[in-house]
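Chemist: Structure file upload.pdb (PDB, C-alpha atoms) is given on the next line.
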```pdb
ATOM      1  CA  ALA U  18     -44.185 112.791  63.913  1.00  0.00           C
ATOM      2  CA  TRP U  19     -44.602 113.356  67.598  1.00  0.00           C
ATOM      3  CA  GLY U  20     -42.291 115.589  69.441  1.00  0.00           C
ATOM      4  CA  PRO U  21     -40.839 115.024  72.914  1.00  0.00           C
ATOM      5  CA  ALA U  22     -43.565 117.007  74.695  1.00  0.00           C
ATOM      6  CA  PRO U  23     -46.595 114.918  73.534  1.00  0.00           C
ATOM      7  CA  ALA U  24     -44.706 111.699  74.279  1.00  0.00           C
ATOM      8  CA  LEU U  25     -43.912 112.832  77.808  1.00  0.00           C
ATOM      9  CA  ALA U  26     -47.517 113.901  78.336  1.00  0.00           C
ATOM     10  CA  LEU U  27     -48.800 110.522  77.145  1.00  0.00           C
ATOM     11  CA  SER U  28     -46.359 108.696  79.434  1.00  0.00           C
ATOM     12  CA  ALA U  29     -47.439 110.827  82.385  1.00  0.00           C
ATOM     13  CA  ALA U  30     -51.074 109.973  81.655  1.00  0.00           C
ATOM     14  CA  LEU U  31     -50.437 106.222  81.363  1.00  0.00           C
ATOM     15  CA  ILE U  32     -48.380 105.876  84.545  1.00  0.00           C
ATOM     16  CA  PRO U  33     -51.340 106.364  86.980  1.00  0.00           C
ATOM     17  CA  ILE U  34     -53.469 103.986  84.933  1.00  0.00           C
ATOM     18  CA  ALA U  35     -50.797 101.294  85.042  1.00  0.00           C
ATOM     19  CA  ALA U  36     -50.264 101.873  88.749  1.00  0.00           C
ATOM     20  CA  GLY U  37     -54.000 101.604  89.379  1.00  0.00           C
ATOM     21  CA  ALA U  38     -54.224  98.366  87.407  1.00  0.00           C
ATOM     22  CA  ALA U  39     -51.296  96.931  89.341  1.00  0.00           C
ATOM     23  CA  GLY U  40     -52.945  97.954  92.597  1.00  0.00           C
ATOM     24  CA  MET U  41     -56.209  96.309  91.536  1.00  0.00           C
ATOM     25  CA  ASP U  42     -54.354  93.106  90.657  1.00  0.00           C
ATOM     26  CA  LEU U  43     -52.586  93.140  94.025  1.00  0.00           C
ATOM     27  CA  GLN U  44     -55.851  93.803  95.875  1.00  0.00           C
ATOM     28  CA  ALA U  45     -57.664  91.064  93.956  1.00  0.00           C
ATOM     29  CA  GLY U  46     -54.879  88.636  94.765  1.00  0.00           C
ATOM     30  CA  THR U  47     -55.163  89.523  98.442  1.00  0.00           C
ATOM     31  CA  VAL U  48     -58.948  89.222  98.493  1.00  0.00           C
ATOM     32  CA  PHE U  49     -59.029  85.843  96.788  1.00  0.00           C
ATOM     33  CA  ASP U  50     -56.124  84.442  98.776  1.00  0.00           C
ATOM     34  CA  PRO U  51     -57.553  81.624 101.007  1.00  0.00           C
ATOM     35  CA  SER U  52     -54.921  82.269 103.670  1.00  0.00           C
ATOM     36  CA  SER U  53     -56.164  85.847 104.174  1.00  0.00           C
ATOM     37  CA  PHE U  54     -59.875  84.961 104.182  1.00  0.00           C
ATOM     38  CA  ASN U  55     -61.701  86.660 107.046  1.00  0.00           C
ATOM     39  CA  PRO U  56     -65.154  85.073 107.489  1.00  0.00           C
ATOM     40  CA  VAL U  57     -68.127  87.132 108.622  1.00  0.00           C
ATOM     41  CA  CYS U  58     -69.222  84.408 111.041  1.00  0.00           C
ATOM     42  CA  GLY U  59     -65.997  83.422 112.757  1.00  0.00           C
ATOM     43  CA  ALA U  60     -67.444  80.884 115.206  1.00  0.00           C
ATOM     44  CA  SER U  61     -69.554  79.197 112.531  1.00  0.00           C
ATOM     45  CA  ASP U  62     -66.589  78.980 110.193  1.00  0.00           C
ATOM     46  CA  SER U  63     -64.462  77.436 112.966  1.00  0.00           C
ATOM     47  CA  ILE U  64     -67.115  74.759 113.557  1.00  0.00           C
ATOM     48  CA  TYR U  65     -67.314  74.162 109.794  1.00  0.00           C
ATOM     49  CA  ARG U  66     -63.536  73.717 109.537  1.00  0.00           C
ATOM     50  CA  SER U  67     -63.503  71.424 112.584  1.00  0.00           C
ATOM     51  CA  LEU U  68     -66.251  69.205 111.165  1.00  0.00           C
ATOM     52  CA  GLN U  69     -64.484  69.171 107.815  1.00  0.00           C
ATOM     53  CA  GLY U  70     -61.238  68.019 109.419  1.00  0.00           C
ATOM     54  CA  LEU U  71     -63.072  65.425 111.522  1.00  0.00           C
ATOM     55  CA  ILE U  72     -64.813  63.895 108.501  1.00  0.00           C
ATOM     56  CA  LEU U  73     -61.567  63.922 106.544  1.00  0.00           C
ATOM     57  CA  ALA U  74     -59.825  62.044 109.352  1.00  0.00           C
ATOM     58  CA  MET U  75     -62.677  59.532 109.597  1.00  0.00           C
ATOM     59  CA  VAL U  76     -63.210  58.652 105.923  1.00  0.00           C
ATOM     60  CA  GLY U  77     -59.777  59.362 104.471  1.00  0.00           C
ATOM     61  CA  GLN U  78     -58.593  61.594 101.654  1.00  0.00           C
ATOM     62  CA  GLN U  79     -59.720  59.309  98.818  1.00  0.00           C
ATOM     63  CA  SER U  80     -63.290  58.848 100.043  1.00  0.00           C
ATOM     64  CA  TYR U  81     -63.507  62.528 100.934  1.00  0.00           C
ATOM     65  CA  ALA U  82     -62.484  63.528  97.419  1.00  0.00           C
ATOM     66  CA  GLU U  83     -65.020  61.094  95.926  1.00  0.00           C
ATOM     67  CA  TYR U  84     -67.944  62.425  97.967  1.00  0.00           C
ATOM     68  CA  ALA U  85     -66.677  66.002  98.272  1.00  0.00           C
ATOM     69  CA  PRO U  86     -69.787  67.721  96.808  1.00  0.00           C
ATOM     70  CA  LEU U  87     -72.145  65.870  99.162  1.00  0.00           C
ATOM     71  CA  ILE U  88     -69.961  66.430 102.222  1.00  0.00           C
ATOM     72  CA  ALA U  89     -69.325  70.079 101.384  1.00  0.00           C
ATOM     73  CA  GLY U  90     -73.016  70.707 100.754  1.00  0.00           C
ATOM     74  CA  SER U  91     -74.009  69.211 104.098  1.00  0.00           C
ATOM     75  CA  LEU U  92     -71.338  71.077 106.024  1.00  0.00           C
ATOM     76  CA  LEU U  93     -72.129  74.365 104.289  1.00  0.00           C
ATOM     77  CA  ARG U  94     -75.769  73.894 105.262  1.00  0.00           C
ATOM     78  CA  VAL U  95     -74.705  73.491 108.874  1.00  0.00           C
ATOM     79  CA  ARG U  96     -72.451  76.539 108.611  1.00  0.00           C
ATOM     80  CA  LEU U  97     -75.253  78.604 107.087  1.00  0.00           C
ATOM     81  CA  GLU U  98     -77.706  77.834 109.875  1.00  0.00           C
ATOM     82  CA  LEU U  99     -75.116  78.488 112.554  1.00  0.00           C
ATOM     83  CA  CYS U 100     -74.151  81.731 110.835  1.00  0.00           C
ATOM     84  CA  VAL U 101     -77.785  82.849 111.001  1.00  0.00           C
ATOM     85  CA  VAL U 102     -77.814  82.330 114.767  1.00  0.00           C
ATOM     86  CA  GLU U 103     -74.411  83.979 115.198  1.00  0.00           C
ATOM     87  CA  SER U 104     -75.341  86.993 113.081  1.00  0.00           C
ATOM     88  CA  PHE U 105     -78.666  87.395 114.902  1.00  0.00           C
ATOM     89  CA  PHE U 106     -76.892  87.459 118.248  1.00  0.00           C
ATOM     90  CA  ASN U 107     -73.949  89.655 117.196  1.00  0.00           C
ATOM     91  CA  GLU U 108     -75.937  92.196 115.219  1.00  0.00           C
ATOM     92  CA  ALA U 109     -79.282  92.302 117.046  1.00  0.00           C
ATOM     93  CA  VAL U 110     -79.237  90.807 120.529  1.00  0.00           C
ATOM     94  CA  ALA U 111     -75.782  91.789 121.818  1.00  0.00           C
ATOM     95  CA  PRO U 112     -75.957  95.482 120.769  1.00  0.00           C
ATOM     96  CA  PHE U 113     -79.441  95.838 122.247  1.00  0.00           C
ATOM     97  CA  ILE U 114     -78.348  94.298 125.558  1.00  0.00           C
ATOM     98  CA  ARG U 115     -75.206  96.430 125.549  1.00  0.00           C
ATOM     99  CA  ASP U 116     -77.219  99.627 125.092  1.00  0.00           C
ATOM    100  CA  ASN U 117     -80.303  98.833 127.207  1.00  0.00           C
ATOM    101  CA  GLY U 118     -79.152  96.151 129.654  1.00  0.00           C
ATOM    102  CA  LEU U 119     -81.184  93.149 130.755  1.00  0.00           C
ATOM    103  CA  SER U 120     -84.023  95.140 132.299  1.00  0.00           C
ATOM    104  CA  TRP U 121     -86.075  94.733 129.137  1.00  0.00           C
ATOM    105  CA  ILE U 122     -86.079  90.929 129.623  1.00  0.00           C
ATOM    106  CA  LEU U 123     -86.923  90.807 133.335  1.00  0.00           C
ATOM    107  CA  PRO U 124     -88.232  94.272 134.168  1.00  0.00           C
ATOM    108  CA  ALA U 125     -88.967  95.180 137.764  1.00  0.00           C
ATOM    109  CA  HIS U 126     -92.187  96.891 136.616  1.00  0.00           C
ATOM    110  CA  GLU U 127     -93.932  95.889 133.399  1.00  0.00           C
ATOM    111  CA  THR U 128     -94.625  98.799 131.083  1.00  0.00           C
ATOM    112  CA  VAL U 129     -95.963  99.180 127.584  1.00  0.00           C
ATOM    113  CA  GLU U 130     -92.420  99.643 126.264  1.00  0.00           C
ATOM    114  CA  THR U 131     -91.062  96.480 127.903  1.00  0.00           C
ATOM    115  CA  PHE U 132     -94.116  94.518 126.768  1.00  0.00           C
ATOM    116  CA  LEU U 133     -93.697  95.661 123.161  1.00  0.00           C
ATOM    117  CA  ALA U 134     -89.951  94.991 123.296  1.00  0.00           C
ATOM    118  CA  GLY U 135     -90.599  91.449 124.541  1.00  0.00           C
ATOM    119  CA  VAL U 136     -93.207  90.793 121.862  1.00  0.00           C
ATOM    120  CA  VAL U 137     -90.965  92.110 119.077  1.00  0.00           C
ATOM    121  CA  PHE U 138     -88.003  90.101 120.337  1.00  0.00           C
ATOM    122  CA  SER U 139     -90.064  86.901 120.634  1.00  0.00           C
ATOM    123  CA  ILE U 140     -91.422  87.246 117.109  1.00  0.00           C
ATOM    124  CA  ALA U 141     -87.974  87.996 115.678  1.00  0.00           C
ATOM    125  CA  ALA U 142     -86.355  85.142 117.600  1.00  0.00           C
ATOM    126  CA  ASN U 143     -89.060  82.723 116.485  1.00  0.00           C
ATOM    127  CA  PHE U 144     -88.676  83.784 112.857  1.00  0.00           C
ATOM    128  CA  ILE U 145     -84.875  83.669 112.868  1.00  0.00           C
ATOM    129  CA  LEU U 146     -84.246  80.646 115.086  1.00  0.00           C
ATOM    130  CA  ILE U 147     -87.128  78.299 114.200  1.00  0.00           C
ATOM    131  CA  GLY U 148     -84.965  76.295 111.820  1.00  0.00           C
ATOM    132  CA  SER U 149     -81.507  76.993 113.187  1.00  0.00           C
ATOM    133  CA  THR U 150     -82.131  75.866 116.754  1.00  0.00           C
ATOM    134  CA  LYS U 151     -83.108  72.396 115.569  1.00  0.00           C
ATOM    135  CA  LEU U 152     -79.760  72.051 113.843  1.00  0.00           C
ATOM    136  CA  VAL U 153     -77.963  73.347 116.935  1.00  0.00           C
ATOM    137  CA  THR U 154     -79.908  70.851 119.063  1.00  0.00           C
ATOM    138  CA  VAL U 155     -78.914  67.996 116.749  1.00  0.00           C
ATOM    139  CA  LEU U 156     -75.233  68.980 116.911  1.00  0.00           C
ATOM    140  CA  VAL U 157     -75.293  69.354 120.700  1.00  0.00           C
ATOM    141  CA  THR U 158     -77.152  66.041 121.072  1.00  0.00           C
ATOM    142  CA  TYR U 159     -74.603  64.185 118.945  1.00  0.00           C
ATOM    143  CA  ALA U 160     -71.760  65.832 120.862  1.00  0.00           C
ATOM    144  CA  ASP U 161     -73.318  64.743 124.151  1.00  0.00           C
ATOM    145  CA  LEU U 162     -73.949  61.229 122.825  1.00  0.00           C
ATOM    146  CA  PHE U 163     -70.421  60.626 121.556  1.00  0.00           C
ATOM    147  CA  LEU U 164     -68.509  62.742 124.077  1.00  0.00           C
ATOM    148  CA  GLY U 165     -70.572  63.664 127.124  1.00  0.00           C
ATOM    149  CA  PHE U 166     -72.197  60.280 127.766  1.00  0.00           C
ATOM    150  CA  PRO U 167     -68.923  58.280 127.635  1.00  0.00           C
ATOM    151  CA  LEU U 168     -67.304  60.828 129.954  1.00  0.00           C
ATOM    152  CA  ARG U 169     -70.189  60.581 132.430  1.00  0.00           C
ATOM    153  CA  LEU U 170     -70.089  56.784 132.280  1.00  0.00           C
ATOM    154  CA  PHE U 171     -66.314  56.570 132.657  1.00  0.00           C
ATOM    155  CA  GLY U 172     -66.189  59.184 135.402  1.00  0.00           C
ATOM    156  CA  GLY U 173     -69.110  57.683 137.297  1.00  0.00           C
ATOM    157  CA  VAL U 174     -67.742  54.128 137.258  1.00  0.00           C
ATOM    158  CA  GLY U 175     -64.269  55.308 138.220  1.00  0.00           C
ATOM    159  CA  TRP U 176     -65.601  57.542 140.984  1.00  0.00           C
ATOM    160  CA  ASP U 177     -67.738  54.775 142.501  1.00  0.00           C
ATOM    161  CA  SER U 178     -64.893  52.251 142.370  1.00  0.00           C
ATOM    162  CA  VAL U 179     -62.562  54.579 144.283  1.00  0.00           C
ATOM    163  CA  ALA U 180     -65.167  56.106 146.599  1.00  0.00           C
ATOM    164  CA  ARG U 181     -66.342  52.662 147.688  1.00  0.00           C
ATOM    165  CA  GLY U 182     -63.032  52.151 149.476  1.00  0.00           C
ATOM    166  CA  VAL U 183     -63.020  55.455 151.366  1.00  0.00           C
ATOM    167  CA  ARG U 184     -66.646  55.673 152.421  1.00  0.00           C
ATOM    168  CA  PRO U 185     -67.394  54.786 156.028  1.00  0.00           C
ATOM    169  CA  LYS U 186     -68.840  51.313 156.269  1.00  0.00           C
ATOM    170  CA  GLU U 187     -72.512  51.149 157.113  1.00  0.00           C
ATOM    171  CA  ASP U 188     -73.804  48.826 159.768  1.00  0.00           C
ATOM    172  CA  PRO U 189     -75.695  45.868 158.267  1.00  0.00           C
ATOM    173  CA  LYS U 190     -79.448  45.924 158.682  1.00  0.00           C
ATOM    174  CA  PRO U 191     -80.892  43.508 161.171  1.00  0.00           C
ATOM    175  CA  PRO U 192     -82.800  40.571 159.678  1.00  0.00           C
ATOM    176  CA  PRO U 193     -86.568  40.951 159.377  1.00  0.00           C
ATOM    177  CA  GLN U 194     -88.540  39.988 162.429  1.00  0.00           C
ATOM    178  CA  ASN U 195     -91.410  38.374 160.539  1.00  0.00           C
ATOM    179  CA  ALA U 196     -92.685  37.580 157.054  1.00  0.00           C
ATOM    180  CA  TRP U 197     -94.636  40.836 156.858  1.00  0.00           C
ATOM    181  CA  GLU U 198     -91.504  42.930 157.377  1.00  0.00           C
ATOM    182  CA  ALA U 199     -89.576  40.813 154.868  1.00  0.00           C
ATOM    183  CA  ALA U 200     -92.299  41.344 152.256  1.00  0.00           C
ATOM    184  CA  ARG U 201     -92.350  45.065 152.990  1.00  0.00           C
ATOM    185  CA  ARG U 202     -88.589  45.333 152.485  1.00  0.00           C
ATOM    186  CA  PHE U 203     -88.850  43.389 149.247  1.00  0.00           C
ATOM    187  CA  LEU U 204     -91.716  45.457 147.812  1.00  0.00           C
ATOM    188  CA  THR U 205     -90.658  48.914 148.963  1.00  0.00           C
ATOM    189  CA  LYS U 206     -87.461  50.532 147.833  1.00  0.00           C
ATOM    190  CA  GLU U 207     -85.761  52.676 150.383  1.00  0.00           C
ATOM    191  CA  GLU U 208     -84.495  56.011 149.092  1.00  0.00           C
ATOM    192  CA  LYS U 209     -80.764  56.445 149.372  1.00  0.00           C
ATOM    193  CA  GLN U 210     -79.347  59.712 150.544  1.00  0.00           C
ATOM    194  CA  PRO U 211     -77.522  61.568 147.750  1.00  0.00           C
ATOM    195  CA  GLU U 212     -73.776  61.417 147.967  1.00  0.00           C
ATOM    196  CA  VAL U 213     -72.000  64.580 149.074  1.00  0.00           C
ATOM    197  CA  TRP U 214     -68.851  64.915 147.013  1.00  0.00           C
ATOM    198  CA  LEU U 215     -67.054  67.041 149.580  1.00  0.00           C
ATOM    199  CA  ASP U 216     -67.580  64.410 152.269  1.00  0.00           C
ATOM    200  CA  THR U 217     -66.168  61.703 150.007  1.00  0.00           C
ATOM    201  CA  LEU U 218     -63.143  63.863 149.148  1.00  0.00           C
ATOM    202  CA  SER U 219     -62.627  64.638 152.824  1.00  0.00           C
ATOM    203  CA  ASN U 220     -62.683  60.943 153.706  1.00  0.00           C
ATOM    204  CA  ALA U 221     -60.181  60.202 150.932  1.00  0.00           C
ATOM    205  CA  GLN U 222     -57.906  63.008 152.143  1.00  0.00           C
ATOM    206  CA  ASN U 223     -57.855  61.528 155.634  1.00  0.00           C
ATOM    207  CA  LYS U 224     -57.302  57.937 154.476  1.00  0.00           C
ATOM    208  CA  ASN U 225     -55.394  57.807 151.187  1.00  0.00           C
ATOM    209  CA  ALA U 226     -53.777  60.600 149.177  1.00  0.00           C
ATOM    210  CA  ALA U 227     -53.698  58.470 146.008  1.00  0.00           C
ATOM    211  CA  ALA U 228     -57.445  57.896 146.278  1.00  0.00           C
ATOM    212  CA  LEU U 229     -57.931  61.664 146.589  1.00  0.00           C
ATOM    213  CA  VAL U 230     -56.016  62.250 143.358  1.00  0.00           C
ATOM    214  CA  MET U 231     -58.043  59.604 141.550  1.00  0.00           C
ATOM    215  CA  LEU U 232     -61.306  61.054 142.866  1.00  0.00           C
ATOM    216  CA  LEU U 233     -60.317  64.521 141.652  1.00  0.00           C
ATOM    217  CA  LEU U 234     -59.494  63.076 138.217  1.00  0.00           C
ATOM    218  CA  TYR U 235     -62.723  61.093 137.892  1.00  0.00           C
ATOM    219  CA  GLY U 236     -64.716  63.969 139.376  1.00  0.00           C
ATOM    220  CA  SER U 237     -63.366  66.351 136.737  1.00  0.00           C
ATOM    221  CA  VAL U 238     -64.392  63.916 134.010  1.00  0.00           C
ATOM    222  CA  ARG U 239     -67.885  63.674 135.533  1.00  0.00           C
ATOM    223  CA  VAL U 240     -68.157  67.472 135.641  1.00  0.00           C
ATOM    224  CA  VAL U 241     -67.278  67.744 131.943  1.00  0.00           C
ATOM    225  CA  GLY U 242     -69.834  65.065 131.095  1.00  0.00           C
ATOM    226  CA  GLY U 243     -72.452  66.750 133.265  1.00  0.00           C
ATOM    227  CA  THR U 244     -71.776  70.078 131.575  1.00  0.00           C
ATOM    228  CA  SER U 245     -72.341  68.420 128.200  1.00  0.00           C
ATOM    229  CA  LYS U 246     -75.662  67.040 129.453  1.00  0.00           C
ATOM    230  CA  ALA U 247     -76.708  70.447 130.777  1.00  0.00           C
ATOM    231  CA  ALA U 248     -75.832  72.071 127.431  1.00  0.00           C
ATOM    232  CA  ARG U 249     -77.975  69.486 125.616  1.00  0.00           C
ATOM    233  CA  GLN U 250     -80.907  70.133 127.934  1.00  0.00           C
ATOM    234  CA  VAL U 251     -80.586  73.898 127.439  1.00  0.00           C
ATOM    235  CA  ALA U 252     -80.500  73.446 123.646  1.00  0.00           C
ATOM    236  CA  GLU U 253     -83.577  71.204 123.775  1.00  0.00           C
ATOM    237  CA  ALA U 254     -85.435  73.696 125.968  1.00  0.00           C
ATOM    238  CA  LEU U 255     -84.514  76.571 123.637  1.00  0.00           C
ATOM    239  CA  ASP U 256     -85.637  74.577 120.602  1.00  0.00           C
ATOM    240  CA  THR U 257     -88.941  73.757 122.324  1.00  0.00           C
ATOM    241  CA  PHE U 258     -89.448  77.421 123.236  1.00  0.00           C
ATOM    242  CA  VAL U 259     -88.662  78.668 119.736  1.00  0.00           C
ATOM    243  CA  GLY U 260     -90.421  75.907 117.802  1.00  0.00           C
TER
END
```
Would you mind writing the file's structure down as structure tokens?

Modeler:
Amino acid sequence: AWGPAPALALSAALIPIAAGAAGMDLQAGTVFDPSSFNPVCGASDSIYRSLQGLILAMVGQQSYAEYAPLIAGSLLRVRLELCVVESFFNEAVAPFIRDNGLSWILPAHETVETFLAGVVFSIAANFILIGSTKLVTVLVTYADLFLGFPLRLFGGVGWDSVARGVRPKEDPKPPPQNAWEAARRFLTKEEKQPEVWLDTLSNAQNKNAAALVMLLLYGSVRVVGGTSKAARQVAEALDTFVG
């Protein structure tokens, strides 16, 4: 029979083991808790969640559940490629720029070191981004098609409709003097001077305050649409450079 001393010693030995097991269970529960998940690629995961919510809102819960493996596989592929780009920038490009500045990209005087740094960076960027930039270009192009283009169209039409009433009226052109001048006007297209937004806003401010507000609203929409177009062009240029 065991005495009190061996029993107490055994209890003292089992208490840390039990505490460690409880701690492991608590840690495992925290790690595998979806609410406490901390993704490595935060921006890519945010885009993945946004696309997931958008598709769910478009197709509905029933259709989403039916085609969940296909949808999840496609979205995870997008997230993977974006995570490659994000990791390359966060772990390679940003620290190098933070430590060495931008002089290695556009050096005032070319040296062997800057030449080698440019070559190494170009090779690494081509290897890392050759597949990912195409996916980024596709996403940016679709975003510009479904968001940027309608904004540019809506803002442009609205701007022209309001600006037409505040622009100073141009004097009508005199009729052609002969058939030769009429044919020349018909065959040649005169170049119009580009509109200066500040002049149009100034005219609206002097004539109609409501027109000024509408021009500011439509102008803001045009700026957002133009920014989307510029982002698409930058993505296409980057994809052409890398690919």

Chemist: Find the distance between CA of Ala82 in chain U and CA of Leu97 in chain U and write it in Å to one decimal.

Modeler: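 One can read the CA of Ala82 in chain U to CA of Leu97 in chain U distance as 22.0 Å.
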
Chemist: By how many Å are CA of Gln222 in chain U and CA of Tyr235 in chain U apart?

Modeler: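 Between these atoms lies a distance of 15.2 Å.
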
Chemist: Please determine, counting all atoms listed in the file, which residue among U:Thr257, U:Asn225, U:Thr150, U:Ser139 has the shortest atom-to-atom distance to Val183 in chain U.

Modeler: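 Closest to Val183 in chain U, using all atoms listed in the file: U:Asn225.
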
Chemist: Residue by residue, what does the PyMOL selection byres ((chain U and resi 175) around 12) grab here? Present the result as JSON, numbers by chain.

Modeler: {"U": [167, 168, 169, 170, 171, 172, 173, 174, 176, 177, 178, 179, 180, 181, 182, 228, 230, 231, 232, 233, 234, 235, 236, 237, 238, 239]}

Chemist: When you look at Lys151 in chain U with a cut-off of 12 Å (counting all atoms listed in the file), what residues show up, excluding the ones that are within fewer than 5 positions of it in the same chain? I need them as a PDB file with C-alpha atoms, in the frame of the given file.

Modeler:
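Dumped everything to out09.pdb:
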```pdb
ATOM      1  CA  VAL U  95     -74.705  73.491 108.874  1.00  0.00           C
ATOM      2  CA  GLU U  98     -77.706  77.834 109.875  1.00  0.00           C
ATOM      3  CA  LEU U  99     -75.116  78.488 112.554  1.00  0.00           C
ATOM      4  CA  VAL U 102     -77.814  82.330 114.767  1.00  0.00           C
ATOM      5  CA  ASN U 143     -89.060  82.723 116.485  1.00  0.00           C
ATOM      6  CA  ILE U 145     -84.875  83.669 112.868  1.00  0.00           C
ATOM      7  CA  LEU U 146     -84.246  80.646 115.086  1.00  0.00           C
ATOM      8  CA  LEU U 156     -75.233  68.980 116.911  1.00  0.00           C
ATOM      9  CA  VAL U 157     -75.293  69.354 120.700  1.00  0.00           C
ATOM     10  CA  THR U 158     -77.152  66.041 121.072  1.00  0.00           C
ATOM     11  CA  ARG U 249     -77.975  69.486 125.616  1.00  0.00           C
ATOM     12  CA  ALA U 252     -80.500  73.446 123.646  1.00  0.00           C
ATOM     13  CA  GLU U 253     -83.577  71.204 123.775  1.00  0.00           C
ATOM     14  CA  ALA U 254     -85.435  73.696 125.968  1.00  0.00           C
ATOM     15  CA  LEU U 255     -84.514  76.571 123.637  1.00  0.00           C
ATOM     16  CA  ASP U 256     -85.637  74.577 120.602  1.00  0.00           C
ATOM     17  CA  THR U 257     -88.941  73.757 122.324  1.00  0.00           C
ATOM     18  CA  PHE U 258     -89.448  77.421 123.236  1.00  0.00           C
ATOM     19  CA  VAL U 259     -88.662  78.668 119.736  1.00  0.00           C
ATOM     20  CA  GLY U 260     -90.421  75.907 117.802  1.00  0.00           C
TER      21      GLY U 260
END
```

Chemist: Which one is closest to Tyr65 in chain U: U:Pro86, U:Ala134, U:Arg94, U:Ser80? Count only C-alpha atoms.

Modeler: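 Between U:Pro86, U:Ala134, U:Arg94, U:Ser80, the residue approaching Tyr65 in chain U most closely is U:Arg94.
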
Chemist: Could you tell me which of U:Ala125, U:Val76, U:Gly90, U:Val153 comes closest to Ile64 in chain U if we count only C-alpha atoms?

Modeler: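 For Ile64 in chain U, the nearest of the candidates is U:Val153.
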
Chemist: In Å to one decimal, how far is CA of Tyr159 in chain U from CA of Ser67 in chain U?

Modeler: 14.7 Å

Chemist: Using all atoms listed in the file, which of U:Ala85, U:Ala196, U:Ala141, U:Val129 sits nearest Val110 in chain U?

Modeler: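 The shortest atom-to-atom distance to Val110 in chain U comes from U:Ala141.
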
Chemist: Restricting the calculation to only C-alpha atoms: of U:Leu92, U:Ser63, U:Phe166, U:Ile114, which residue gets closest to Val241 in chain U?

Modeler: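 Between U:Leu92, U:Ser63, U:Phe166, U:Ile114, the residue approaching Val241 in chain U most closely is U:Phe166.
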
Chemist: Using the structure block above, produce a file of range 107-111 of chain U that contains all heavy atoms, as a PDB file, in the first residue's frame.

Modeler:
```
ATOM      1  N   ASN U 107       6.423  43.253 -49.650  1.00  0.00           N
ATOM      2  CA  ASN U 107       6.621  43.492 -48.217  1.00  0.00           C
ATOM      3  C   ASN U 107       7.943  42.945 -47.705  1.00  0.00           C
ATOM      4  O   ASN U 107       8.542  43.530 -46.788  1.00  0.00           O
ATOM      5  CB  ASN U 107       5.469  42.872 -47.425  1.00  0.00           C
ATOM      6  CG  ASN U 107       4.153  43.582 -47.668  1.00  0.00           C
ATOM      7  OD1 ASN U 107       4.121  44.745 -48.065  1.00  0.00           O
ATOM      8  ND2 ASN U 107       3.056  42.876 -47.465  1.00  0.00           N
ATOM      9  N   GLU U 108       8.393  41.834 -48.266  1.00  0.00           N
ATOM     10  CA  GLU U 108       9.572  41.175 -47.725  1.00  0.00           C
ATOM     11  C   GLU U 108      10.846  41.415 -48.530  1.00  0.00           C
ATOM     12  O   GLU U 108      11.935  41.133 -48.037  1.00  0.00           O
ATOM     13  CB  GLU U 108       9.321  39.663 -47.636  1.00  0.00           C
ATOM     14  CG  GLU U 108       8.146  39.299 -46.729  1.00  0.00           C
ATOM     15  CD  GLU U 108       7.912  37.798 -46.683  1.00  0.00           C
ATOM     16  OE1 GLU U 108       8.805  37.055 -47.125  1.00  0.00           O
ATOM     17  OE2 GLU U 108       6.838  37.384 -46.209  1.00  0.00           O
ATOM     18  N   ALA U 109      10.717  41.919 -49.760  1.00  0.00           N
ATOM     19  CA  ALA U 109      11.915  42.125 -50.579  1.00  0.00           C
ATOM     20  C   ALA U 109      12.069  43.573 -51.028  1.00  0.00           C
ATOM     21  O   ALA U 109      13.117  44.191 -50.832  1.00  0.00           O
ATOM     22  CB  ALA U 109      11.872  41.199 -51.808  1.00  0.00           C
ATOM     23  N   VAL U 110      11.029  44.125 -51.629  1.00  0.00           N
ATOM     24  CA  VAL U 110      11.154  45.458 -52.215  1.00  0.00           C
ATOM     25  C   VAL U 110      11.144  46.541 -51.139  1.00  0.00           C
ATOM     26  O   VAL U 110      12.040  47.396 -51.091  1.00  0.00           O
ATOM     27  CB  VAL U 110      10.023  45.695 -53.234  1.00  0.00           C
ATOM     28  CG1 VAL U 110      10.117  47.094 -53.822  1.00  0.00           C
ATOM     29  CG2 VAL U 110      10.089  44.657 -54.346  1.00  0.00           C
ATOM     30  N   ALA U 111      10.123  46.530 -50.274  1.00  0.00           N
ATOM     31  CA  ALA U 111       9.992  47.591 -49.272  1.00  0.00           C
ATOM     32  C   ALA U 111      11.188  47.660 -48.319  1.00  0.00           C
ATOM     33  O   ALA U 111      11.702  48.756 -48.074  1.00  0.00           O
ATOM     34  CB  ALA U 111       8.688  47.412 -48.493  1.00  0.00           C
TER      35      ALA U 111
END
```
